[in-house]
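This is run09.cif (mmCIF, N, CA and C atoms).
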data_my_file
loop_
_atom_site.label_atom_id
_atom_site.label_comp_id
_atom_site.auth_asym_id
_atom_site.auth_seq_id
_atom_site.Cartn_x
_atom_site.Cartn_y
_atom_site.Cartn_z
N LEU A 1236 0.82 -1.21 0.00
CA LEU A 1236 0.00 0.00 0.00
C LEU A 1236 0.86 1.26 0.00
N LEU A 1237 1.96 1.22 0.70
CA LEU A 1237 2.83 2.38 0.76
C LEU A 1237 3.93 2.35 -0.29
N GLY A 1238 4.18 1.19 -0.83
CA GLY A 1238 5.29 1.04 -1.77
C GLY A 1238 6.49 0.44 -1.06
N SER A 1239 7.17 -0.45 -1.71
CA SER A 1239 8.25 -1.19 -1.05
C SER A 1239 9.46 -0.33 -0.70
N ASP A 1240 9.57 0.85 -1.29
CA ASP A 1240 10.72 1.71 -1.00
C ASP A 1240 10.37 2.86 -0.05
N ASP A 1241 9.17 2.82 0.52
CA ASP A 1241 8.75 3.89 1.43
C ASP A 1241 9.52 3.76 2.75
N PRO A 1242 10.24 4.81 3.15
CA PRO A 1242 11.05 4.73 4.37
C PRO A 1242 10.21 4.58 5.64
N ARG A 1243 8.93 4.88 5.56
CA ARG A 1243 8.06 4.75 6.74
C ARG A 1243 7.81 3.29 7.08
N LEU A 1244 8.10 2.39 6.16
CA LEU A 1244 7.91 0.97 6.44
C LEU A 1244 8.79 0.51 7.59
N ASP A 1245 9.93 1.15 7.76
CA ASP A 1245 10.82 0.79 8.87
C ASP A 1245 10.13 0.98 10.22
N SER A 1246 9.33 2.04 10.35
CA SER A 1246 8.60 2.27 11.60
C SER A 1246 7.61 1.15 11.85
N LEU A 1247 6.91 0.72 10.80
CA LEU A 1247 5.96 -0.37 10.96
C LEU A 1247 6.66 -1.68 11.30
N ARG A 1248 7.78 -1.93 10.66
CA ARG A 1248 8.53 -3.15 10.95
C ARG A 1248 9.07 -3.16 12.38
N MET A 1249 9.56 -2.02 12.83
CA MET A 1249 10.07 -1.92 14.20
C MET A 1249 8.94 -2.14 15.19
N PHE A 1250 7.77 -1.58 14.92
CA PHE A 1250 6.61 -1.78 15.79
C PHE A 1250 6.24 -3.26 15.83
N ARG A 1251 6.23 -3.90 14.67
CA ARG A 1251 5.91 -5.32 14.61
C ARG A 1251 6.89 -6.13 15.46
N GLU A 1252 8.18 -5.85 15.32
CA GLU A 1252 9.18 -6.64 16.03
C GLU A 1252 9.28 -6.30 17.51
N LYS A 1253 9.17 -5.02 17.86
CA LYS A 1253 9.36 -4.61 19.25
C LYS A 1253 8.09 -4.74 20.09
N LYS A 1254 6.93 -4.56 19.50
CA LYS A 1254 5.69 -4.55 20.28
C LYS A 1254 4.79 -5.73 19.97
N LEU A 1255 4.39 -5.86 18.72
CA LEU A 1255 3.43 -6.91 18.38
C LEU A 1255 3.98 -8.30 18.67
N ALA A 1256 5.20 -8.54 18.28
CA ALA A 1256 5.78 -9.88 18.46
C ALA A 1256 5.98 -10.24 19.93
N GLY A 1257 5.89 -9.27 20.81
CA GLY A 1257 6.12 -9.50 22.23
C GLY A 1257 4.91 -9.97 23.01
N SER A 1258 3.76 -10.07 22.35
CA SER A 1258 2.57 -10.54 23.04
C SER A 1258 1.87 -11.61 22.21
N LYS A 1259 1.11 -12.44 22.88
CA LYS A 1259 0.38 -13.51 22.18
C LYS A 1259 -0.63 -12.91 21.20
N THR A 1260 -1.32 -11.86 21.61
CA THR A 1260 -2.29 -11.20 20.72
C THR A 1260 -1.59 -10.62 19.50
N GLY A 1261 -0.46 -9.97 19.73
CA GLY A 1261 0.31 -9.41 18.63
C GLY A 1261 0.82 -10.48 17.68
N GLN A 1262 1.29 -11.59 18.25
CA GLN A 1262 1.76 -12.69 17.42
C GLN A 1262 0.63 -13.26 16.57
N THR A 1263 -0.56 -13.36 17.15
CA THR A 1263 -1.72 -13.84 16.41
C THR A 1263 -2.06 -12.88 15.28
N PHE A 1264 -2.01 -11.59 15.55
CA PHE A 1264 -2.27 -10.59 14.52
C PHE A 1264 -1.28 -10.74 13.37
N ILE A 1265 -0.01 -10.90 13.70
CA ILE A 1265 1.03 -11.07 12.67
C ILE A 1265 0.75 -12.31 11.83
N GLU A 1266 0.43 -13.41 12.50
CA GLU A 1266 0.14 -14.66 11.79
C GLU A 1266 -1.04 -14.50 10.84
N ILE A 1267 -2.11 -13.88 11.32
CA ILE A 1267 -3.30 -13.68 10.48
C ILE A 1267 -2.95 -12.79 9.29
N TYR A 1268 -2.19 -11.74 9.55
CA TYR A 1268 -1.81 -10.84 8.45
C TYR A 1268 -1.07 -11.61 7.36
N TYR A 1269 -0.07 -12.40 7.75
CA TYR A 1269 0.70 -13.12 6.74
C TYR A 1269 -0.12 -14.21 6.04
N GLU A 1270 -1.04 -14.82 6.77
CA GLU A 1270 -1.91 -15.83 6.15
C GLU A 1270 -2.87 -15.20 5.15
N LYS A 1271 -3.32 -14.00 5.42
CA LYS A 1271 -4.36 -13.36 4.61
C LYS A 1271 -3.86 -12.24 3.72
N SER A 1272 -2.56 -11.99 3.71
CA SER A 1272 -2.04 -10.83 2.96
C SER A 1272 -2.34 -10.92 1.46
N ASP A 1273 -2.29 -12.11 0.88
CA ASP A 1273 -2.61 -12.23 -0.55
C ASP A 1273 -4.06 -11.83 -0.83
N VAL A 1274 -4.96 -12.23 0.06
CA VAL A 1274 -6.38 -11.88 -0.10
C VAL A 1274 -6.56 -10.37 0.07
N ILE A 1275 -5.89 -9.81 1.04
CA ILE A 1275 -5.98 -8.37 1.28
C ILE A 1275 -5.49 -7.60 0.06
N ILE A 1276 -4.37 -8.01 -0.49
CA ILE A 1276 -3.82 -7.34 -1.67
C ILE A 1276 -4.78 -7.46 -2.85
N ALA A 1277 -5.32 -8.65 -3.06
CA ALA A 1277 -6.27 -8.85 -4.17
C ALA A 1277 -7.50 -7.97 -4.01
N LEU A 1278 -8.01 -7.87 -2.80
CA LEU A 1278 -9.18 -7.02 -2.56
C LEU A 1278 -8.85 -5.54 -2.81
N CYS A 1279 -7.67 -5.14 -2.39
CA CYS A 1279 -7.25 -3.75 -2.60
C CYS A 1279 -7.11 -3.44 -4.09
N GLU A 1280 -6.63 -4.39 -4.85
CA GLU A 1280 -6.50 -4.18 -6.29
C GLU A 1280 -7.88 -4.14 -6.97
N LYS A 1281 -8.80 -4.92 -6.47
CA LYS A 1281 -10.14 -4.98 -7.05
C LYS A 1281 -10.98 -3.76 -6.66
N TYR A 1282 -10.77 -3.26 -5.44
CA TYR A 1282 -11.57 -2.16 -4.92
C TYR A 1282 -10.67 -0.99 -4.54
N PRO A 1283 -10.47 -0.05 -5.45
CA PRO A 1283 -9.57 1.09 -5.19
C PRO A 1283 -9.95 1.90 -3.94
N LEU A 1284 -11.24 2.00 -3.65
CA LEU A 1284 -11.64 2.76 -2.46
C LEU A 1284 -11.15 2.05 -1.19
N LEU A 1285 -11.21 0.74 -1.18
CA LEU A 1285 -10.69 -0.02 -0.05
C LEU A 1285 -9.19 0.20 0.10
N LYS A 1286 -8.49 0.18 -1.01
CA LYS A 1286 -7.04 0.41 -0.99
C LYS A 1286 -6.73 1.81 -0.45
N MET A 1287 -7.46 2.81 -0.90
CA MET A 1287 -7.24 4.17 -0.41
C MET A 1287 -7.54 4.27 1.08
N THR A 1288 -8.57 3.57 1.54
CA THR A 1288 -8.93 3.59 2.95
C THR A 1288 -7.85 2.94 3.80
N PHE A 1289 -7.38 1.76 3.40
CA PHE A 1289 -6.30 1.09 4.13
C PHE A 1289 -5.03 1.93 4.14
N LYS A 1290 -4.72 2.54 3.01
CA LYS A 1290 -3.51 3.38 2.92
C LYS A 1290 -3.63 4.57 3.87
N ALA A 1291 -4.79 5.20 3.90
CA ALA A 1291 -4.99 6.34 4.80
C ALA A 1291 -4.87 5.90 6.26
N MET A 1292 -5.38 4.72 6.57
CA MET A 1292 -5.26 4.21 7.94
C MET A 1292 -3.80 3.97 8.29
N LEU A 1293 -3.05 3.38 7.38
CA LEU A 1293 -1.62 3.17 7.63
C LEU A 1293 -0.88 4.48 7.82
N GLU A 1294 -1.17 5.44 6.97
CA GLU A 1294 -0.49 6.73 7.06
C GLU A 1294 -0.81 7.43 8.38
N ALA A 1295 -2.01 7.24 8.90
CA ALA A 1295 -2.37 7.82 10.19
C ALA A 1295 -1.72 7.06 11.34
N LEU A 1296 -1.50 5.77 11.16
CA LEU A 1296 -0.94 4.93 12.20
C LEU A 1296 0.57 5.09 12.35
N ILE A 1297 1.26 5.32 11.27
CA ILE A 1297 2.72 5.37 11.30
C ILE A 1297 3.28 6.39 12.30
N PRO A 1298 2.78 7.62 12.34
CA PRO A 1298 3.34 8.54 13.34
C PRO A 1298 3.12 8.08 14.78
N VAL A 1299 2.04 7.37 15.01
CA VAL A 1299 1.74 6.88 16.36
C VAL A 1299 2.67 5.74 16.74
N VAL A 1300 2.81 4.74 15.87
CA VAL A 1300 3.67 3.60 16.21
C VAL A 1300 5.13 3.99 16.24
N GLY A 1301 5.48 5.03 15.51
CA GLY A 1301 6.87 5.48 15.51
C GLY A 1301 7.30 6.10 16.84
N THR A 1302 6.33 6.45 17.68
CA THR A 1302 6.65 7.07 18.96
C THR A 1302 6.57 6.09 20.13
N ILE A 1303 6.15 4.85 19.87
CA ILE A 1303 6.01 3.86 20.92
C ILE A 1303 7.37 3.20 21.17
N ASP A 1304 7.82 3.26 22.41
CA ASP A 1304 9.12 2.65 22.75
C ASP A 1304 8.95 1.29 23.30
#

So that I can check it, write out the structure of this file as structure tokens.
Amino acid sequence: LLGSDDPRLDSLRMFREKKLAGSKTGQTFIEIYYEKSDVIIALCEKYPLLKMTFKAMLEALIPVVGTID
């Protein structure tokens, strides 16, 4: 959604590794995401409004997760 070269992806990856992976709920979320990512991508390609909505949500989330230690 952001593009593979977007530098903001590092913030999301750090959040995944430092926070999500540290709890059972977070680990479950990560597992579900990876299991369903192909479906999510296909839906985003089929429905541009859905893609724009998810992208906007990610863009709003990045500044927040970037501040979590």

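Of the residues listed (A:Leu1237, A:Met1249, A:Ile1275, A:Ile1267), A:Met1249 shows the shortest atom-to-atom separation from Gly1301 in chain A; distances use all atoms listed in the file.
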
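Nearest residue to Glu1252 in chain A among A:Val1274, A:Leu1285, A:Val1300, A:Cys1279 is A:Val1300, counting only C-alpha atoms.
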
Margin query: Write out as an MDAnalysis selection string the set of residues from chain A that DSSP, computed on the backbone, places in helix (DSSP H, G or I).
Written below: chainID A and resid 1244:1253 1255:1257 1259:1281 1283:1300

Output file for the residues above (N, CA and C atoms, as a short mmCIF file (atom, residue, chain, number, x, y, z; two decimals), in the coordinates of the input):
data_model
loop_
_atom_site.label_atom_id
_atom_site.label_comp_id
_atom_site.auth_asym_id
_atom_site.auth_seq_id
_atom_site.Cartn_x
_atom_site.Cartn_y
_atom_site.Cartn_z
N LEU A 1244 8.10 2.39 6.16
CA LEU A 1244 7.91 0.97 6.44
C LEU A 1244 8.79 0.51 7.59
N ASP A 1245 9.93 1.15 7.76
CA ASP A 1245 10.82 0.79 8.87
C ASP A 1245 10.13 0.98 10.22
N SER A 1246 9.33 2.04 10.35
CA SER A 1246 8.60 2.27 11.60
C SER A 1246 7.61 1.15 11.85
N LEU A 1247 6.91 0.72 10.80
CA LEU A 1247 5.96 -0.37 10.96
C LEU A 1247 6.66 -1.68 11.30
N ARG A 1248 7.78 -1.93 10.66
CA ARG A 1248 8.53 -3.15 10.95
C ARG A 1248 9.07 -3.16 12.38
N MET A 1249 9.56 -2.02 12.83
CA MET A 1249 10.07 -1.92 14.20
C MET A 1249 8.94 -2.14 15.19
N PHE A 1250 7.77 -1.58 14.92
CA PHE A 1250 6.61 -1.78 15.79
C PHE A 1250 6.24 -3.26 15.83
N ARG A 1251 6.23 -3.90 14.67
CA ARG A 1251 5.91 -5.32 14.61
C ARG A 1251 6.89 -6.13 15.46
N GLU A 1252 8.18 -5.85 15.32
CA GLU A 1252 9.18 -6.64 16.03
C GLU A 1252 9.28 -6.30 17.51
N LYS A 1253 9.17 -5.02 17.86
CA LYS A 1253 9.36 -4.61 19.25
C LYS A 1253 8.09 -4.74 20.09
N LEU A 1255 4.39 -5.86 18.72
CA LEU A 1255 3.43 -6.91 18.38
C LEU A 1255 3.98 -8.30 18.67
N ALA A 1256 5.20 -8.54 18.28
CA ALA A 1256 5.78 -9.88 18.46
C ALA A 1256 5.98 -10.24 19.93
N GLY A 1257 5.89 -9.27 20.81
CA GLY A 1257 6.12 -9.50 22.23
C GLY A 1257 4.91 -9.97 23.01
N LYS A 1259 1.11 -12.44 22.88
CA LYS A 1259 0.38 -13.51 22.18
C LYS A 1259 -0.63 -12.91 21.20
N THR A 1260 -1.32 -11.86 21.61
CA THR A 1260 -2.29 -11.20 20.72
C THR A 1260 -1.59 -10.62 19.50
N GLY A 1261 -0.46 -9.97 19.73
CA GLY A 1261 0.31 -9.41 18.63
C GLY A 1261 0.82 -10.48 17.68
N GLN A 1262 1.29 -11.59 18.25
CA GLN A 1262 1.76 -12.69 17.42
C GLN A 1262 0.63 -13.26 16.57
N THR A 1263 -0.56 -13.36 17.15
CA THR A 1263 -1.72 -13.84 16.41
C THR A 1263 -2.06 -12.88 15.28
N PHE A 1264 -2.01 -11.59 15.55
CA PHE A 1264 -2.27 -10.59 14.52
C PHE A 1264 -1.28 -10.74 13.37
N ILE A 1265 -0.01 -10.90 13.70
CA ILE A 1265 1.03 -11.07 12.67
C ILE A 1265 0.75 -12.31 11.83
N GLU A 1266 0.43 -13.41 12.50
CA GLU A 1266 0.14 -14.66 11.79
C GLU A 1266 -1.04 -14.50 10.84
N ILE A 1267 -2.11 -13.88 11.32
CA ILE A 1267 -3.30 -13.68 10.48
C ILE A 1267 -2.95 -12.79 9.29
N TYR A 1268 -2.19 -11.74 9.55
CA TYR A 1268 -1.81 -10.84 8.45
C TYR A 1268 -1.07 -11.61 7.36
N TYR A 1269 -0.07 -12.40 7.75
CA TYR A 1269 0.70 -13.12 6.74
C TYR A 1269 -0.12 -14.21 6.04
N GLU A 1270 -1.04 -14.82 6.77
CA GLU A 1270 -1.91 -15.83 6.15
C GLU A 1270 -2.87 -15.20 5.15
N LYS A 1271 -3.32 -14.00 5.42
CA LYS A 1271 -4.36 -13.36 4.61
C LYS A 1271 -3.86 -12.24 3.72
N SER A 1272 -2.56 -11.99 3.71
CA SER A 1272 -2.04 -10.83 2.96
C SER A 1272 -2.34 -10.92 1.46
N ASP A 1273 -2.29 -12.11 0.88
CA ASP A 1273 -2.61 -12.23 -0.55
C ASP A 1273 -4.06 -11.83 -0.83
N VAL A 1274 -4.96 -12.23 0.06
CA VAL A 1274 -6.38 -11.88 -0.10
C VAL A 1274 -6.56 -10.37 0.07
N ILE A 1275 -5.89 -9.81 1.04
CA ILE A 1275 -5.98 -8.37 1.28
C ILE A 1275 -5.49 -7.60 0.06
N ILE A 1276 -4.37 -8.01 -0.49
CA ILE A 1276 -3.82 -7.34 -1.67
C ILE A 1276 -4.78 -7.46 -2.85
N ALA A 1277 -5.32 -8.65 -3.06
CA ALA A 1277 -6.27 -8.85 -4.17
C ALA A 1277 -7.50 -7.97 -4.01
N LEU A 1278 -8.01 -7.87 -2.80
CA LEU A 1278 -9.18 -7.02 -2.56
C LEU A 1278 -8.85 -5.54 -2.81
N CYS A 1279 -7.67 -5.14 -2.39
CA CYS A 1279 -7.25 -3.75 -2.60
C CYS A 1279 -7.11 -3.44 -4.09
N GLU A 1280 -6.63 -4.39 -4.85
CA GLU A 1280 -6.50 -4.18 -6.29
C GLU A 1280 -7.88 -4.14 -6.97
N LYS A 1281 -8.80 -4.92 -6.47
CA LYS A 1281 -10.14 -4.98 -7.05
C LYS A 1281 -10.98 -3.76 -6.66
N PRO A 1283 -10.47 -0.05 -5.45
CA PRO A 1283 -9.57 1.09 -5.19
C PRO A 1283 -9.95 1.90 -3.94
N LEU A 1284 -11.24 2.00 -3.65
CA LEU A 1284 -11.64 2.76 -2.46
C LEU A 1284 -11.15 2.05 -1.19
N LEU A 1285 -11.21 0.74 -1.18
CA LEU A 1285 -10.69 -0.02 -0.05
C LEU A 1285 -9.19 0.20 0.10
N LYS A 1286 -8.49 0.18 -1.01
CA LYS A 1286 -7.04 0.41 -0.99
C LYS A 1286 -6.73 1.81 -0.45
N MET A 1287 -7.46 2.81 -0.90
CA MET A 1287 -7.24 4.17 -0.41
C MET A 1287 -7.54 4.27 1.08
N THR A 1288 -8.57 3.57 1.54
CA THR A 1288 -8.93 3.59 2.95
C THR A 1288 -7.85 2.94 3.80
N PHE A 1289 -7.38 1.76 3.40
CA PHE A 1289 -6.30 1.09 4.13
C PHE A 1289 -5.03 1.93 4.14
N LYS A 1290 -4.72 2.54 3.01
CA LYS A 1290 -3.51 3.38 2.92
C LYS A 1290 -3.63 4.57 3.87
N ALA A 1291 -4.79 5.20 3.90
CA ALA A 1291 -4.99 6.34 4.80
C ALA A 1291 -4.87 5.90 6.26
N MET A 1292 -5.38 4.72 6.57
CA MET A 1292 -5.26 4.21 7.94
C MET A 1292 -3.80 3.97 8.29
N LEU A 1293 -3.05 3.38 7.38
CA LEU A 1293 -1.62 3.17 7.63
C LEU A 1293 -0.88 4.48 7.82
N GLU A 1294 -1.17 5.44 6.97
CA GLU A 1294 -0.49 6.73 7.06
C GLU A 1294 -0.81 7.43 8.38
N ALA A 1295 -2.01 7.24 8.90
CA ALA A 1295 -2.37 7.82 10.19
C ALA A 1295 -1.72 7.06 11.34
N LEU A 1296 -1.50 5.77 11.16
CA LEU A 1296 -0.94 4.93 12.20
C LEU A 1296 0.57 5.09 12.35
N ILE A 1297 1.26 5.32 11.27
CA ILE A 1297 2.72 5.37 11.30
C ILE A 1297 3.28 6.39 12.30
N PRO A 1298 2.78 7.62 12.34
CA PRO A 1298 3.34 8.54 13.34
C PRO A 1298 3.12 8.08 14.78
N VAL A 1299 2.04 7.37 15.01
CA VAL A 1299 1.74 6.88 16.36
C VAL A 1299 2.67 5.74 16.74
N VAL A 1300 2.81 4.74 15.87
CA VAL A 1300 3.67 3.60 16.21
C VAL A 1300 5.13 3.99 16.24
#

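Rounded to one decimal, atom C of Thr1288 in chain A and atom C of Thr1302 in chain A lie 22.0 Å from each other.
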
Item checked: Point-to-point distance in Å for CA of Glu1294 in chain A and CA of Arg1243 in chain A ->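 Answer for the CA of Arg1243 in chain A to CA of Glu1294 in chain A separation: 8.8 Å.
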
Checklist line | Atom pair CA of Lys1281 in chain A / CA of Tyr1269 in chain A: separation (Å) | finding: 19.3 Å

Note to self: From the options A:Pro1242, A:Met1287, A:Glu1280, A:Arg1251, which residue's atoms come nearest to Ile1265 in chain A, counting all atoms listed in the file?
What the structure shows: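 Selected residue with least distance to Ile1265 in chain A: A:Arg1251.
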
Checklist line | Explicit residues for the PyMOL selection byres ((chain A and resi 1236) around 8) (as a list in words) | finding: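 So the PyMOL selection byres ((chain A and resi 1236) around 8) ends up selecting Leu1237, Gly1238, Ser1239, Ile1276, Lys1286, Phe1289, Lys1290 and Ala1291 of chain A.
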
Output N, CA and C atoms for every residue in that selection, as a PDB file, in the frame of the given file.
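Just written: again_36.pdb:
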ATOM      1  N   LEU A1237       1.960   1.220   0.700  1.00  0.00           N
ATOM      2  CA  LEU A1237       2.830   2.380   0.760  1.00  0.00           C
ATOM      3  C   LEU A1237       3.930   2.350  -0.290  1.00  0.00           C
ATOM      4  N   GLY A1238       4.180   1.190  -0.830  1.00  0.00           N
ATOM      5  CA  GLY A1238       5.290   1.040  -1.770  1.00  0.00           C
ATOM      6  C   GLY A1238       6.490   0.440  -1.060  1.00  0.00           C
ATOM      7  N   SER A1239       7.170  -0.450  -1.710  1.00  0.00           N
ATOM      8  CA  SER A1239       8.250  -1.190  -1.050  1.00  0.00           C
ATOM      9  C   SER A1239       9.460  -0.330  -0.700  1.00  0.00           C
ATOM     10  N   ILE A1276      -4.370  -8.010  -0.490  1.00  0.00           N
ATOM     11  CA  ILE A1276      -3.820  -7.340  -1.670  1.00  0.00           C
ATOM     12  C   ILE A1276      -4.780  -7.460  -2.850  1.00  0.00           C
ATOM     13  N   LYS A1286      -8.490   0.180  -1.010  1.00  0.00           N
ATOM     14  CA  LYS A1286      -7.040   0.410  -0.990  1.00  0.00           C
ATOM     15  C   LYS A1286      -6.730   1.810  -0.450  1.00  0.00           C
ATOM     16  N   PHE A1289      -7.380   1.760   3.400  1.00  0.00           N
ATOM     17  CA  PHE A1289      -6.300   1.090   4.130  1.00  0.00           C
ATOM     18  C   PHE A1289      -5.030   1.930   4.140  1.00  0.00           C
ATOM     19  N   LYS A1290      -4.720   2.540   3.010  1.00  0.00           N
ATOM     20  CA  LYS A1290      -3.510   3.380   2.920  1.00  0.00           C
ATOM     21  C   LYS A1290      -3.630   4.570   3.870  1.00  0.00           C
ATOM     22  N   ALA A1291      -4.790   5.200   3.900  1.00  0.00           N
ATOM     23  CA  ALA A1291      -4.990   6.340   4.800  1.00  0.00           C
ATOM     24  C   ALA A1291      -4.870   5.900   6.260  1.00  0.00           C
TER      25      ALA A1291
END
